file final30.txt (compact mmCIF, C-alpha atoms and all ligand atoms)
# COMPACT_ATOMS: atom_id res chain seq x y z
CA MET A 1 -1.66 23.38 18.99
CA SER A 2 -2.04 19.82 17.88
CA GLY A 3 0.71 20.07 15.26
CA ARG A 4 -1.43 17.95 12.98
CA PRO A 5 -1.86 18.58 9.27
CA ARG A 6 -5.36 19.27 7.93
CA PRO A 7 -5.43 16.99 4.90
CA LYS A 8 -7.55 18.06 1.93
CA ARG A 9 -7.09 14.99 -0.23
CA VAL A 10 -6.82 11.70 1.58
CA LEU A 11 -6.61 8.01 1.00
CA LEU A 12 -8.58 5.95 3.51
CA LYS A 13 -7.60 2.30 3.90
CA LEU A 14 -10.57 0.28 5.07
CA SER A 15 -9.74 -3.31 5.94
CA GLY A 16 -12.12 -6.10 5.09
CA GLU A 17 -12.16 -7.07 8.76
CA ALA A 18 -13.82 -3.74 9.56
CA LEU A 19 -16.79 -4.60 7.32
CA ILE A 20 -17.67 -7.81 9.14
CA GLY A 21 -19.45 -6.01 11.98
CA SER A 22 -20.78 -8.53 14.47
CA GLN A 23 -20.90 -11.32 11.88
CA ALA A 24 -18.34 -14.12 11.63
CA PHE A 25 -17.77 -13.65 7.92
CA GLY A 26 -18.64 -11.42 5.01
CA ILE A 27 -20.17 -7.98 4.77
CA ASP A 28 -22.46 -6.47 7.40
CA ASP A 29 -24.84 -4.02 5.76
CA GLY A 30 -25.30 -1.80 8.79
CA THR A 31 -21.54 -1.53 9.32
CA VAL A 32 -20.94 -0.59 5.69
CA ARG A 33 -23.71 2.02 5.94
CA ARG A 34 -22.12 3.56 9.05
CA PHE A 35 -18.73 3.84 7.31
CA ALA A 36 -20.44 5.32 4.27
CA GLU A 37 -22.08 7.95 6.50
CA GLU A 38 -18.72 8.91 8.01
CA ILE A 39 -17.18 9.16 4.54
CA ALA A 40 -20.16 11.12 3.21
CA ALA A 41 -19.82 13.66 6.03
CA VAL A 42 -16.22 14.52 5.14
CA ARG A 43 -16.91 14.41 1.40
CA ASN A 44 -19.82 16.83 1.83
CA ALA A 45 -17.47 19.10 3.76
CA GLY A 46 -15.15 19.24 0.72
CA THR A 47 -12.49 16.56 1.32
CA GLU A 48 -11.31 14.67 -1.75
CA LEU A 49 -11.25 10.96 -1.03
CA ALA A 50 -9.90 7.72 -2.36
CA LEU A 51 -10.66 4.50 -0.52
CA VAL A 52 -8.63 1.32 -0.70
CA ILE A 53 -10.68 -1.64 0.43
CA GLY A 54 -9.27 -4.86 1.87
CA GLY A 55 -10.68 -8.33 1.52
CA GLY A 56 -9.74 -10.17 4.70
CA ASN A 57 -13.41 -10.54 5.75
CA ILE A 58 -13.87 -12.87 2.78
CA PHE A 59 -10.55 -14.32 1.74
CA ARG A 60 -6.80 -14.00 2.25
CA GLY A 61 -4.30 -15.64 -0.08
CA MET A 62 -2.26 -16.84 2.88
CA ALA A 63 -5.17 -19.10 3.87
CA ILE A 64 -4.61 -21.20 0.76
CA ALA A 65 -0.82 -21.02 1.06
CA ALA A 66 -1.04 -22.19 4.70
CA GLN A 67 -2.82 -25.34 3.53
CA GLY A 68 -0.09 -26.04 0.99
CA GLY A 69 -2.01 -24.52 -1.92
CA ASP A 70 -0.77 -22.11 -4.54
CA ARG A 71 -0.13 -18.65 -3.11
CA VAL A 72 -0.59 -16.86 -6.41
CA THR A 73 -4.03 -18.42 -6.94
CA GLY A 74 -4.91 -17.61 -3.33
CA ASP A 75 -3.88 -14.01 -3.81
CA HIS A 76 -5.94 -13.75 -6.97
CA MET A 77 -8.93 -14.95 -4.95
CA GLY A 78 -8.10 -12.43 -2.22
CA MET A 79 -8.02 -9.62 -4.75
CA LEU A 80 -11.42 -10.71 -6.07
CA ALA A 81 -12.73 -10.50 -2.49
CA THR A 82 -11.72 -6.85 -2.35
CA VAL A 83 -13.84 -6.19 -5.43
CA MET A 84 -16.96 -7.49 -3.66
CA ASN A 85 -16.27 -5.22 -0.71
CA ALA A 86 -15.60 -2.24 -2.97
CA LEU A 87 -18.93 -2.74 -4.75
CA ALA A 88 -20.72 -2.82 -1.38
CA VAL A 89 -19.04 0.42 -0.29
CA GLU A 90 -19.68 2.10 -3.65
CA ALA A 91 -23.37 1.20 -3.44
CA ALA A 92 -23.65 2.41 0.15
CA LEU A 93 -22.09 5.77 -0.76
CA GLU A 94 -24.36 6.23 -3.76
CA ARG A 95 -27.40 5.47 -1.61
CA LEU A 96 -26.35 8.48 0.47
CA GLY A 97 -26.11 10.65 -2.64
CA ILE A 98 -22.30 10.58 -2.79
CA ALA A 99 -20.92 10.06 -6.30
CA ALA A 100 -18.57 7.09 -6.10
CA ARG A 101 -16.65 4.97 -8.59
CA ALA A 102 -15.36 1.50 -7.85
CA MET A 103 -12.16 0.93 -9.83
CA SER A 104 -10.35 -2.37 -9.94
CA ALA A 105 -6.65 -3.00 -10.43
CA ILE A 106 -7.70 -6.19 -12.23
CA GLU A 107 -9.78 -5.61 -15.33
CA MET A 108 -13.42 -6.60 -15.06
CA PRO A 109 -15.08 -4.06 -17.31
CA SER A 110 -18.60 -5.41 -17.05
CA ILE A 111 -18.55 -4.85 -13.29
CA CYS A 112 -16.52 -1.71 -12.65
CA GLU A 113 -13.97 0.64 -14.13
CA THR A 114 -10.36 -0.44 -14.38
CA TYR A 115 -7.95 1.56 -12.26
CA ILE A 116 -6.22 4.07 -14.52
CA HIS A 117 -4.17 6.63 -12.69
CA ARG A 118 -5.27 9.73 -14.58
CA ARG A 119 -8.89 8.65 -14.60
CA ALA A 120 -8.92 8.04 -10.85
CA ALA A 121 -7.27 11.42 -10.23
CA TRP A 122 -9.87 13.07 -12.49
CA HIS A 123 -12.77 11.43 -10.61
CA MET A 124 -11.32 12.81 -7.39
CA ASP A 125 -10.89 16.27 -8.87
CA GLU A 126 -14.54 16.10 -9.91
CA GLY A 127 -15.55 15.30 -6.34
CA ARG A 128 -16.25 11.61 -6.80
CA VAL A 129 -15.04 9.17 -4.18
CA VAL A 130 -12.93 6.48 -5.84
CA VAL A 131 -13.28 3.07 -4.25
CA LEU A 132 -10.18 1.14 -5.22
CA ALA A 133 -10.29 -2.64 -5.40
CA GLY A 134 -7.72 -5.30 -6.21
CA GLY A 135 -4.93 -3.78 -4.10
CA THR A 136 -1.84 -3.40 -6.26
CA GLY A 137 -3.16 -5.95 -8.77
CA ASN A 138 -0.24 -8.27 -7.96
CA PRO A 139 0.08 -11.34 -5.77
CA PHE A 140 2.41 -11.28 -2.75
CA PHE A 141 1.19 -7.80 -1.84
CA THR A 142 -1.52 -6.59 0.51
CA THR A 143 -4.08 -3.85 0.32
CA ASP A 144 -1.88 -1.87 2.75
CA SER A 145 0.71 -1.75 -0.03
CA GLY A 146 -2.06 -0.85 -2.47
CA ALA A 147 -3.08 1.97 -0.13
CA ALA A 148 0.45 3.42 0.11
CA LEU A 149 0.92 3.10 -3.65
CA ARG A 150 -2.39 4.73 -4.59
CA ALA A 151 -1.99 7.48 -1.99
CA LEU A 152 1.29 8.46 -3.66
CA GLU A 153 -0.03 8.10 -7.21
CA LEU A 154 -3.09 10.20 -6.44
CA GLU A 155 -1.07 12.83 -4.55
CA CYS A 156 -2.97 12.43 -1.31
CA ASP A 157 -1.82 14.50 1.68
CA ALA A 158 -2.05 11.51 4.00
CA LEU A 159 -2.86 7.85 4.21
CA LEU A 160 -5.49 7.22 6.88
CA LYS A 161 -5.25 3.68 8.09
CA GLY A 162 -8.37 2.59 9.91
CA THR A 163 -7.66 -0.24 12.37
CA GLN A 164 -9.37 -2.10 15.21
CA VAL A 165 -7.33 -0.23 17.87
CA ASP A 166 -6.78 3.46 18.67
CA GLY A 167 -3.43 3.92 16.94
CA VAL A 168 0.20 2.82 17.23
CA TYR A 169 1.08 1.36 20.63
CA SER A 170 4.39 0.48 22.27
CA ALA A 171 3.12 -3.15 22.35
CA ASP A 172 -0.06 -4.97 21.26
CA PRO A 173 -2.72 -3.38 23.51
CA ARG A 174 -4.88 -6.51 23.36
CA LEU A 175 -2.08 -8.48 25.04
CA HIS A 176 -0.49 -5.68 27.10
CA PRO A 177 -3.13 -3.43 28.70
CA ASP A 178 -0.44 -1.00 29.91
CA ALA A 179 0.94 -0.42 26.39
CA LYS A 180 1.48 3.25 25.55
CA LEU A 181 -0.49 4.86 22.72
CA TYR A 182 1.67 7.21 20.65
CA ASP A 183 0.33 10.58 19.53
CA GLN A 184 3.11 11.05 16.95
CA VAL A 185 6.08 8.96 15.86
CA THR A 186 8.66 9.27 13.13
CA PHE A 187 9.32 6.56 10.56
CA LYS A 188 12.73 6.13 12.16
CA GLU A 189 11.19 5.52 15.61
CA VAL A 190 8.79 2.96 14.16
CA ILE A 191 11.73 0.95 12.86
CA GLU A 192 13.96 1.42 15.92
CA LYS A 193 11.19 0.48 18.36
CA GLY A 194 9.81 -2.29 16.16
CA LEU A 195 6.28 -0.80 16.22
CA ALA A 196 3.54 -2.35 14.12
CA VAL A 197 2.05 0.15 11.67
CA MET A 198 1.60 -1.57 8.32
CA ASP A 199 3.32 -4.43 6.55
CA THR A 200 6.94 -3.83 5.62
CA ALA A 201 6.44 -3.16 1.91
CA ALA A 202 3.69 -0.61 2.57
CA PHE A 203 5.66 1.07 5.34
CA ALA A 204 8.82 1.31 3.21
CA LEU A 205 6.90 2.91 0.35
CA ALA A 206 5.38 5.53 2.65
CA ARG A 207 8.67 6.23 4.43
CA ASP A 208 10.76 6.51 1.27
CA ASN A 209 8.31 8.97 -0.24
CA GLY A 210 7.49 11.02 2.87
CA LEU A 211 3.81 10.03 2.92
CA PRO A 212 2.31 10.75 6.38
CA ILE A 213 0.20 7.92 7.82
CA ILE A 214 -2.47 8.41 10.45
CA VAL A 215 -3.40 5.17 12.22
CA PHE A 216 -6.76 5.40 13.97
CA ASN A 217 -9.69 3.39 15.29
CA ILE A 218 -12.09 2.93 12.41
CA HIS A 219 -14.96 2.14 14.81
CA GLU A 220 -14.74 5.44 16.68
CA PRO A 221 -17.62 7.67 15.59
CA ARG A 222 -16.53 10.91 13.83
CA ALA A 223 -12.85 9.93 13.94
CA LEU A 224 -12.54 10.59 10.21
CA ALA A 225 -14.11 14.06 10.46
CA ARG A 226 -11.90 14.95 13.41
CA ILE A 227 -8.74 13.86 11.57
CA ILE A 228 -9.71 16.02 8.61
CA ALA A 229 -10.20 18.93 11.03
CA GLY A 230 -6.60 18.47 12.21
CA GLU A 231 -7.51 17.06 15.62
CA PRO A 232 -5.00 14.71 17.24
CA VAL A 233 -6.88 11.46 16.69
CA GLY A 234 -4.89 8.20 16.59
CA THR A 235 -1.18 8.24 15.80
CA LEU A 236 0.56 10.36 13.19
CA VAL A 237 3.54 8.65 11.56
CA SER A 238 5.65 11.07 9.54
CA ASP A 239 9.19 12.21 8.87
CA ASP A 240 9.40 14.79 11.60
CA GLY A 241 6.45 13.75 13.70
CA LEU A 242 4.61 16.95 12.76
CA GLY A 243 3.41 16.15 9.26
N1 LIG B 301 -4.00 -9.17 -2.31
C1 LIG B 301 -2.98 -9.35 -3.24
N2 LIG B 301 -2.34 -8.25 -3.75
C2 LIG B 301 -2.65 -6.98 -3.37
C3 LIG B 301 -3.67 -6.82 -2.41
C4 LIG B 301 -4.33 -7.91 -1.89
O1 LIG B 301 -2.66 -10.47 -3.61
O2 LIG B 301 -2.03 -6.03 -3.87
C5 LIG B 301 -4.74 -10.34 -1.81
C6 LIG B 301 -4.02 -11.09 -0.70
O3 LIG B 301 -4.28 -12.47 -0.84
C7 LIG B 301 -4.72 -10.56 0.55
C8 LIG B 301 -6.15 -10.39 0.06
O4 LIG B 301 -5.99 -9.96 -1.29
O5 LIG B 301 -4.65 -11.46 1.63
C9 LIG B 301 -6.98 -9.44 0.85
O6 LIG B 301 -6.26 -8.23 1.09
P1 LIG B 301 -5.76 -7.82 2.56
O7 LIG B 301 -5.31 -9.04 3.30
O8 LIG B 301 -4.78 -6.72 2.40
O9 LIG B 301 -7.11 -7.29 3.17
P2 LIG B 301 -7.41 -6.64 4.62
O10 LIG B 301 -6.51 -7.33 5.62
O11 LIG B 301 -7.09 -5.20 4.53
O12 LIG B 301 -8.85 -6.89 4.83
call {"tool": "encode", "arguments": {"input": "final30.txt", "output": "structure tokens", "more": "lines below"}}
Ligand code: UDP
result
Amino acid sequence: MSGRPRPKRVLLKLSGEALIGSQAFGIDDGTVRRFAEEIAAVRNAGTELALVIGGGNIFRGMAIAAQGGDRVTGDHMGMLATVMNALAVEAALERLGIAARAMSAIEMPSICETYIHRRAAWHMDEGRVVVLAGGTGNPFFTTDSGAALRALELECDALLKGTQVDGVYSADPRLHPDAKLYDQVTFKEVIEKGLAVMDTAAFALARDNGLPIIVFNIHEPRALARIIAGEPVGTLVSDDGLG
């Protein structure tokens, strides 16, 4: 018994960093295609999916703020970066025959639909993958916060957070090779042990609303399909550790 839930409707957070592939910057076509294939496999098996796409491969608002520039302007630019990524993912899914709709939290009607809660939920009910851009639509937030928010709005069973490592560790595994990988942790343990899962605002939103988070390695082939099948991939963060 893995004790893992078998989510039917999920929100997948895909960071911009994941789309870079082996490039130094931007969007790697082959990498996007591979993610699209993984997403298509679970969609074809009946899972309802919303994606929240980051923008860190192109721009982060903090980059401007760090140089003494205006954070709000920087964040607006960062949100625009997520739209580019979302369009790339939408196109890659449609090339595989998966109906997808990019929706932006910031209105840009000549490019994609605006995020409207009921409309996004309806697309999902109809089997379309919604590809959500613009994060929360507000500066000073991240796409992690957007992911927690949209997962709750769209009544997803879990937030799947794809990362560059295998899950939640007792310490940063890139600096501490002997760090322990957790199979399951509670929200309380995450706080008490000071574990890094998501930024504070995103984590608080998930915790306060009992939204399970599964942190996993986005680069591991079939990880998404295995999570949907209830296999113990990555780390489950939830109220009781059992989902
Ligand atoms: N951003 C924002 N509000 C949001 C989501 C994102 O202002 O609700 C901006 C912010 O500048 C952020 C950038 O968009 O740095 C890219 O998003 P994020 O850093 O979350 O992307 P990821 O790290 O997932 O690639």
call {"tool": "residues_near_point", "arguments": {"input": "final30.txt", "point": "(-5.5, 20.2, 14.4)", "cutoff": "9 Å", "atoms": "only C-alpha atoms", "output": "CSV table (one decimal) with C-alpha atoms, keeping the file's coordinate frame"}}
result
chain,number,residue,atom,x,y,z
A,1,MET,CA,-1.7,23.4,19.0
A,2,SER,CA,-2.0,19.8,17.9
A,3,GLY,CA,0.7,20.1,15.3
A,4,ARG,CA,-1.4,18.0,13.0
A,5,PRO,CA,-1.9,18.6,9.3
A,6,ARG,CA,-5.4,19.3,7.9
A,226,ARG,CA,-11.9,15.0,13.4
A,227,ILE,CA,-8.7,13.9,11.6
A,228,ILE,CA,-9.7,16.0,8.6
A,229,ALA,CA,-10.2,18.9,11.0
A,230,GLY,CA,-6.6,18.5,12.2
A,231,GLU,CA,-7.5,17.1,15.6
A,232,PRO,CA,-5.0,14.7,17.2
call {"tool": "residues_near_ligand", "arguments": {"input": "final30.txt", "ligand": "ligand LIG 301 (chain B)", "cutoff": "8 Å", "atoms": "only C-alpha atoms and all ligand atoms", "output": "ChimeraX atom specification"}}
result
/A:13-18,53-63,71-72,74-82,134-146
call {"tool": "residues_near_point", "arguments": {"input": "final30.txt", "point": "(-7.9, -1.4, 14.3)", "cutoff": "12 Å", "atoms": "only C-alpha atoms", "output": "PyMOL selection string"}}
result
chain A and resi 13-19+160-169+172-174+196-198+214-220+234-235
call {"tool": "atom_distance", "arguments": {"input": "final30.txt", "atom1": "CA of Pro7 in chain A", "atom2": "CA of Asn209 in chain A"}}
result
16.7 Å
call {"tool": "closest_residue", "arguments": {"input": "final30.txt", "among": "A:Ile111, A:Ala171, A:Ala121, A:Leu224", "to": "Gly194 in chain A", "atoms": "all atoms listed in the file"}}
result
A:Ala171
call {"tool": "atom_distance", "arguments": {"input": "final30.txt", "atom1": "CA of Ile20 in chain A", "atom2": "CA of Val32 in chain A"}}
result
8.6 Å
call {"tool": "closest_residue", "arguments": {"input": "final30.txt", "among": "A:Trp122, A:Phe25, A:Phe187, A:Phe35", "to": "Leu12 in chain A", "atoms": "all atoms listed in the file"}}
result
A:Phe35
call {"tool": "closest_residue", "arguments": {"input": "final30.txt", "among": "A:Glu48, A:Glu38, A:Glu153, A:Glu113", "to": "Leu96 in chain A", "atoms": "only C-alpha atoms"}}
result
A:Glu38
call {"tool": "atom_distance", "arguments": {"input": "final30.txt", "atom1": "CA of Ala50 in chain A", "atom2": "CA of Thr31 in chain A"}}
result
18.9 Å
call {"tool": "closest_residue", "arguments": {"input": "final30.txt", "among": "A:Ala206, A:Ala36, A:Ile213, A:Ala41", "to": "Leu149 in chain A", "atoms": "all atoms listed in the file"}}
result
A:Ala206
call {"tool": "residues_around", "arguments": {"input": "final30.txt", "residues": "Ala120 in chain A", "least_positions_apart": "6", "cutoff": "12 Å", "atoms": "only C-alpha atoms", "output": "ChimeraX atom specification"}}
result
/A:48-51,100-105,113-114,126-132,150-151,153-155
call {"tool": "closest_residue", "arguments": {"input": "final30.txt", "among": "A:Gly26, A:Pro212, A:Pro109, A:Pro221", "to": "Val10 in chain A", "atoms": "all atoms listed in the file"}}
result
A:Pro212
call {"tool": "closest_residue", "arguments": {"input": "final30.txt", "among": "A:Ala158, A:Ile27, A:Ile64, A:Ala148", "to": "Asp208 in chain A", "atoms": "only C-alpha atoms"}}
result
A:Ala148
call {"tool": "residues_around", "arguments": {"input": "final30.txt", "residues": "range 191-193 of chain A", "least_positions_apart": "5", "cutoff": "10 Å", "atoms": "all atoms listed in the file", "output": "number ranges by chain"}}
result
A: 170-171, 186, 200, 203
call {"tool": "decode", "arguments": {"input": "final30.txt", "residues": "range 124-216 of chain A", "atoms": "C-alpha atoms", "output": "compact mmCIF listing (two decimals), in the first residue's frame"}}
result
# COMPACT_ATOMS: atom_id res chain seq x y z
CA MET A 124 -11.52 20.96 -18.12
CA ASP A 125 -14.91 19.28 -17.83
CA GLU A 126 -14.94 19.05 -21.63
CA GLY A 127 -11.56 17.33 -21.59
CA ARG A 128 -9.45 20.25 -22.73
CA VAL A 129 -6.14 20.92 -21.03
CA VAL A 130 -6.07 24.51 -19.78
CA VAL A 131 -2.66 26.12 -19.96
CA LEU A 132 -2.72 28.98 -17.49
CA ALA A 133 -0.45 31.96 -18.01
CA GLY A 134 0.17 35.16 -16.07
CA GLY A 135 0.31 33.49 -12.65
CA THR A 136 -2.12 35.27 -10.33
CA GLY A 137 -2.16 38.34 -12.58
CA ASN A 138 -0.61 40.42 -9.78
CA PRO A 139 2.93 41.60 -9.11
CA PHE A 140 4.76 40.40 -5.98
CA PHE A 141 3.46 36.87 -6.54
CA THR A 142 4.95 33.86 -8.28
CA THR A 143 3.54 31.19 -10.51
CA ASP A 144 3.72 28.83 -7.50
CA SER A 145 1.10 31.04 -5.87
CA GLY A 146 -0.82 31.04 -9.15
CA ALA A 147 -0.66 27.24 -9.14
CA ALA A 148 -2.02 26.91 -5.59
CA LEU A 149 -4.74 29.47 -6.31
CA ARG A 150 -5.89 27.89 -9.57
CA ALA A 151 -5.74 24.36 -8.15
CA LEU A 152 -8.19 25.45 -5.45
CA GLU A 153 -10.41 27.44 -7.80
CA LEU A 154 -10.62 24.57 -10.28
CA GLU A 155 -11.21 21.98 -7.54
CA CYS A 156 -8.17 19.91 -8.40
CA ASP A 157 -7.43 16.88 -6.21
CA ALA A 158 -3.75 17.76 -6.02
CA LEU A 159 -1.13 20.24 -7.07
CA LEU A 160 1.74 18.49 -8.81
CA LYS A 161 4.86 20.57 -8.56
CA GLY A 162 7.47 19.53 -11.08
CA THR A 163 10.99 20.46 -9.92
CA GLN A 164 14.61 19.79 -10.87
CA VAL A 165 15.07 17.33 -7.95
CA ASP A 166 13.25 14.17 -6.84
CA GLY A 167 11.06 15.71 -4.14
CA VAL A 168 11.33 17.34 -0.72
CA TYR A 169 14.66 16.71 1.01
CA SER A 170 15.87 17.30 4.56
CA ALA A 171 18.45 19.71 3.03
CA ASP A 172 19.34 20.91 -0.48
CA PRO A 173 20.50 17.68 -2.18
CA ARG A 174 22.74 19.61 -4.56
CA LEU A 175 24.77 20.89 -1.59
CA HIS A 176 24.27 17.95 0.81
CA PRO A 177 24.53 14.60 -1.00
CA ASP A 178 23.43 12.72 2.15
CA ALA A 179 20.16 14.68 2.44
CA LYS A 180 17.11 12.49 3.05
CA LEU A 181 14.31 12.39 0.48
CA TYR A 182 10.88 12.35 2.14
CA ASP A 183 8.14 10.06 0.84
CA GLN A 184 5.40 11.93 2.74
CA VAL A 185 5.38 14.95 5.03
CA THR A 186 2.66 16.98 6.68
CA PHE A 187 2.32 20.74 6.28
CA LYS A 188 3.20 21.02 9.96
CA GLU A 189 6.46 19.08 9.48
CA VAL A 190 7.40 21.26 6.52
CA ILE A 191 7.17 24.34 8.73
CA GLU A 192 8.79 22.78 11.81
CA LYS A 193 11.72 21.36 9.83
CA GLY A 194 12.05 24.41 7.59
CA LEU A 195 11.77 22.31 4.41
CA ALA A 196 11.66 24.00 1.03
CA VAL A 197 8.49 23.11 -0.89
CA MET A 198 7.13 26.27 -2.48
CA ASP A 199 7.30 29.95 -1.67
CA THR A 200 5.57 30.98 1.55
CA ALA A 201 2.44 32.49 0.02
CA ALA A 202 1.81 29.43 -2.15
CA PHE A 203 2.49 27.04 0.71
CA ALA A 204 0.17 28.92 3.09
CA LEU A 205 -2.65 28.85 0.56
CA ALA A 206 -2.30 25.09 0.06
CA ARG A 207 -1.99 24.38 3.78
CA ASP A 208 -4.92 26.56 4.84
CA ASN A 209 -7.18 24.90 2.30
CA GLY A 210 -5.98 21.30 2.64
CA LEU A 211 -4.66 21.06 -0.92
CA PRO A 212 -2.25 18.10 -1.24
CA ILE A 213 1.01 18.89 -3.06
CA ILE A 214 3.15 16.28 -4.76
CA VAL A 215 6.70 17.50 -5.42
CA PHE A 216 8.48 15.42 -8.05
